[in-house]
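First the structure, in the form of structure tokens, and then the observations on it.
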Amino acid sequence: MTTALETTPKAKERLVPGTPLLEVRDLHVEFKTRDGIAKAVNGVNYSVAAGETLAVLGESGSGKSVTAQTIMGILDMPPGRVTAGEILYRGQDMLKMSGEERRKIRGRKIAMIFQDALSSLNPVLSVGYQLGEMFRVHEGASKKEAKAKAIELMDRVRIPAAAQRVGDYPHQFSGGMRQRIMIAMALALQPDLIIADEPTTALDVTVQAQVMDLLAELQAEYHMGLILITHDLGVVADVADKIAVMYAGRIVETAPVHDLYASPAHPYTKGLLRSIPRLDQKGEELYAIKGLPPNLYKVPAGCAFNPRCDVATDLCRTEIPALHQVTDRDGAELAGRKSACHLWKETLHG
Amino acid sequence: MGRFVARRLLQMIPVFLGTTTLIFFMVRVLPGDPVAAMWGDKAPDPAQVAAFKHRMGLDKSMIQQYVDYMANLFTGNFGQTMAGRKVIDVIGEALPVTVRLALLAFAIELVLGVAIGLIAGLKRGKSVDKGTLLFTLLLISIPVPVLGFIFQNIFATNLGWVTPTVQDSMNLGQLLLPAVVLGSLSLAYVARLTRTSIVENVKSDYMRTAVAKGLPKRKVIGTHLLRNSMIPVITFLGTDLGALMGGAIVTEGIFNVKGVGNALYHAINLKEGATVSGFVVVLVLVFLAASLIVDLLYAVLDPRIRYA
């Protein structure tokens, strides 16, 4: 295996240590529809460094996918609209770039893996063509070179008999193999950052693990940043470095992955963790967070989670909580831990 | 694939036999005596009529005539007209004209229809789209003869760009106006079909992927969107090619184009059984060939279709 996927360090593109690869600052996105304005993203902040995995966790409608699509520049506008915020890629605000500048970043520097590989791959073009297209469009490769590189990529993501299957169409592959092709496509030009939007949701559990392992392995090998969007806490635990939990278009808690599992600092996170089925609870009723996710046209006043929260106070119903720095019992700051709860202390320590 | 083609070719046999049989008898049960009509207002001489009928084989039983006709057909003999011309010659004269006219109309509806549909589909809900829907609705609502006369009036009588009727039926330039009229209805359908298909596909997941790959817009639309959107349009176009050739009767009449429609019209008027049957046989073959080509094109456009 040489050429396309060699892990040559891109010396001139090296980041100043400590600078994040991608930084989302105070991002606001809304959708203008016939029913009114849906506020999908309301001030999201997060960052990813090279080689780091950020898991973005949240229910459907929490704004996690919309944020990702805004980063990629594939949000449907209209009805979508970025009302405020910055998305810094290597320090440059992508929202201020021209369409052509952004296109050159898409696929080449920041690539995306989608949930349903069957519908996300073009049904009438061979996988070889769709993989090769990356090299042809971005690197001006010839048809022959593109095909050779496509085979190489398929080998890299461990698709058996890649050379024979390069001319096959998406429907001729199994779900797991299709998702591998999506991964190969994202990986083709060795991007700095991969955004994986629920990459394993459509797969069998056993295949899920294989695909997730492959993704994690390739990420480590190429030292890429990875934003992993999921609602599956199980997927996150093994691969993520840090987690951002989203609710109603805001980040409600961020923490290094193990801290979050061990000691959540937000009632919503706590509820999510409690709702994971566990073997030692066999026979007991499974916990579920009461109520439904908020209507984005009419997000509750104060903390958006308050109607579903067991510990909500009057303050929670009137004032939107800031993202507080979380400290331990002695008041020492816990690195990377923040919680958007008025009662984070009670939640964490109580 | 080879087996599929072979089977489709075999399937053509019963269709071919069925249509020719049907048209053979239908022409012959039409009221009126074509032979007597040759004498016009004068009373026909019974001896001459009998002699003529005997020469043409019209004195035999209907079944015997049918058997003779079919047997001749398979040797390439299409019979002769009442006036004694070989039917194959009549077809040979008219068919190239109609093929030109139909292909010209086909090209117009394909290029313009797809282009209009694509633009409307991409600008869904905008005024371009609404304008297209209105324009195509208008085309669909106007009967071909009316449209023909309107065009004649505008382009020939008022502007003087062309002669009102076609002088040389093999001249492509002169066939342009009839071709526009002939293709206008299908153009409207092609535009609407393309538009609907584009609107459906443009929001699909693979389009999002294509954009996320950083492909330039022309590749996203040209390669990814059009390939998928053309599938239903191709079906329509395939069957329409046959319909254009058969359906040119009215248009050919308006513009005096000496094509199949014109010849067929006169043959039906004169109850020229052999001529009518001959033309229908040719049209059936064109239809069958066009539908086979469409089915094969499917496989090229959509690999999910299997031929079994």
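Numbering starts fresh at 1 for the residues of each chain in the structure tokens, the chains themselves are lettered A, B, ... in the order given, and ligands are numbered from 1 as they appear.
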- Do me a favour and pick out the residues of chain B within 7 Å of chain A, using only C-alpha atoms, as number ranges by chain. B: 205-206, 208-209, 211-215, 224, 228, 301-303
Can I get the selected residues back with C-alpha atoms, as a CSV table (one decimal), in the first residue's frame?
chain,number,residue,atom,x,y,z
B,205,ASP,CA,-29.1,12.0,0.3
B,206,TYR,CA,-26.7,11.2,-2.5
B,208,ARG,CA,-26.0,16.0,-0.3
B,209,THR,CA,-23.1,13.6,-0.5
B,211,VAL,CA,-22.0,18.4,-2.4
B,212,ALA,CA,-20.1,17.3,0.7
B,213,LYS,CA,-17.5,15.7,-1.6
B,214,GLY,CA,-16.7,19.2,-2.8
B,215,LEU,CA,-17.7,18.6,-6.4
B,224,HIS,CA,-25.3,13.0,-10.1
B,228,ASN,CA,-31.0,9.8,-11.8
B,301,LEU,CA,-29.1,4.4,-16.7
B,302,ASP,CA,-30.1,2.3,-13.7
B,303,PRO,CA,-27.9,-0.6,-12.8
Problem set entry | Long-range neighbours of Thr163 of chain B as an MDAnalysis selection string, 12 Å cut-off, only C-alpha atoms, 3 positions minimum in chain | chainID B and resid 151:160 166:168 173:178 255:256
Hey, can you spit out that residue selection with C-alpha atoms as a PDB file, in the first residue's frame?
ATOM      1  CA  PHE B 151     -47.635  29.143 -36.152  1.00  0.00           C
ATOM      2  CA  GLN B 152     -48.467  29.312 -39.844  1.00  0.00           C
ATOM      3  CA  ASN B 153     -50.067  32.667 -39.282  1.00  0.00           C
ATOM      4  CA  ILE B 154     -47.196  34.094 -37.258  1.00  0.00           C
ATOM      5  CA  PHE B 155     -44.136  32.711 -39.006  1.00  0.00           C
ATOM      6  CA  ALA B 156     -45.382  32.426 -42.583  1.00  0.00           C
ATOM      7  CA  THR B 157     -48.123  34.994 -43.086  1.00  0.00           C
ATOM      8  CA  ASN B 158     -46.970  37.773 -40.760  1.00  0.00           C
ATOM      9  CA  LEU B 159     -43.217  37.374 -40.482  1.00  0.00           C
ATOM     10  CA  GLY B 160     -42.697  35.688 -43.820  1.00  0.00           C
ATOM     11  CA  VAL B 166     -43.692  22.629 -46.929  1.00  0.00           C
ATOM     12  CA  GLN B 167     -42.530  22.698 -50.558  1.00  0.00           C
ATOM     13  CA  ASP B 168     -39.745  20.144 -50.338  1.00  0.00           C
ATOM     14  CA  GLY B 173     -35.068  23.687 -42.799  1.00  0.00           C
ATOM     15  CA  GLN B 174     -38.602  23.586 -44.134  1.00  0.00           C
ATOM     16  CA  LEU B 175     -39.505  20.752 -41.773  1.00  0.00           C
ATOM     17  CA  LEU B 176     -38.477  22.784 -38.747  1.00  0.00           C
ATOM     18  CA  LEU B 177     -41.805  24.534 -38.212  1.00  0.00           C
ATOM     19  CA  PRO B 178     -43.889  21.340 -38.564  1.00  0.00           C
ATOM     20  CA  PHE B 255     -48.130  21.643 -43.489  1.00  0.00           C
ATOM     21  CA  ASN B 256     -48.584  19.408 -46.521  1.00  0.00           C
TER      22      ASN B 256
END
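Computed from the coordinates, the atom CA of Leu297 of chain B to atom CA of Val114 of chain B distance equals 17.0 Å.
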### Task
Identify, on the basis of only C-alpha atoms, every residue whose closest approach to segment 279-292 of chain A does not exceed 10 Å; exclude the query and any residue fewer than 4 positions from it along the same chain; express the result as an MDAnalysis selection string.
chainID A and resid 267:268 270:275 305 307:310
Write a file of the just-selected residues containing C-alpha atoms, as a PDB file, in the first residue's frame.
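To be explicit, this is the file written out as result14.pdb:
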ATOM      1  CA  PRO A 267     -29.642  16.457  34.974  1.00  0.00           C
ATOM      2  CA  TYR A 268     -30.222  15.731  31.273  1.00  0.00           C
ATOM      3  CA  LYS A 270     -27.787  12.036  34.174  1.00  0.00           C
ATOM      4  CA  GLY A 271     -31.133  11.005  32.728  1.00  0.00           C
ATOM      5  CA  LEU A 272     -29.539   9.787  29.521  1.00  0.00           C
ATOM      6  CA  LEU A 273     -27.080   7.640  31.427  1.00  0.00           C
ATOM      7  CA  ARG A 274     -29.817   6.215  33.609  1.00  0.00           C
ATOM      8  CA  SER A 275     -31.834   5.242  30.547  1.00  0.00           C
ATOM      9  CA  PHE A 305     -34.890  21.208  29.790  1.00  0.00           C
ATOM     10  CA  PRO A 307     -40.253  20.955  31.981  1.00  0.00           C
ATOM     11  CA  ARG A 308     -38.641  17.510  31.949  1.00  0.00           C
ATOM     12  CA  CYS A 309     -36.252  18.073  34.827  1.00  0.00           C
ATOM     13  CA  ASP A 310     -36.819  16.501  38.266  1.00  0.00           C
TER      14      ASP A 310
END
Exercise for review: For His349 of chain A, work out the shell of residues within 10 Å, counting only C-alpha atoms and skipping chain neighbours fewer than 6 positions away, then give it as a PyMOL selection string.
Suggested key: chain A and resi 263-265+327-329
Can I get the selected residues back with C-alpha atoms, as a short mmCIF file (atom, residue, chain, number, x, y, z; two decimals), in the first residue's frame?
data_model
loop_
_atom_site.label_atom_id
_atom_site.label_comp_id
_atom_site.auth_asym_id
_atom_site.auth_seq_id
_atom_site.Cartn_x
_atom_site.Cartn_y
_atom_site.Cartn_z
CA SER A 263 -20.12 11.90 37.25
CA PRO A 264 -22.54 13.81 35.02
CA ALA A 265 -22.95 17.47 35.92
CA THR A 327 -15.19 22.48 39.87
CA ASP A 328 -14.62 19.69 42.35
CA ARG A 329 -15.76 19.81 45.98
#
Could you name the residues that touch Leu260 of chain A at 10 Å or less, counting only C-alpha atoms, but leaving out those on the same chain fewer than 5 positions away, as a PDB file with C-alpha atoms, in the first residue's frame?
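Final output, part.pdb:
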ATOM      1  CA  ALA A 237     -17.642   5.430  25.310  1.00  0.00           C
ATOM      2  CA  LYS A 242     -14.526  14.367  24.925  1.00  0.00           C
ATOM      3  CA  ILE A 243     -18.261  14.681  24.756  1.00  0.00           C
ATOM      4  CA  ALA A 244     -20.576  17.592  24.108  1.00  0.00           C
ATOM      5  CA  VAL A 245     -24.183  16.904  25.075  1.00  0.00           C
ATOM      6  CA  GLU A 253     -22.564  19.723  29.161  1.00  0.00           C
ATOM      7  CA  THR A 254     -19.057  19.085  27.946  1.00  0.00           C
ATOM      8  CA  ALA A 255     -16.579  16.775  29.594  1.00  0.00           C
ATOM      9  CA  ALA A 265     -22.946  17.471  35.925  1.00  0.00           C
ATOM     10  CA  HIS A 266     -26.286  18.063  34.186  1.00  0.00           C
ATOM     11  CA  THR A 269     -26.946  13.825  30.970  1.00  0.00           C
ATOM     12  CA  LYS A 270     -27.787  12.036  34.174  1.00  0.00           C
ATOM     13  CA  LEU A 273     -27.080   7.640  31.427  1.00  0.00           C
ATOM     14  CA  ARG A 337     -15.772  20.216  32.208  1.00  0.00           C
TER      15      ARG A 337
END
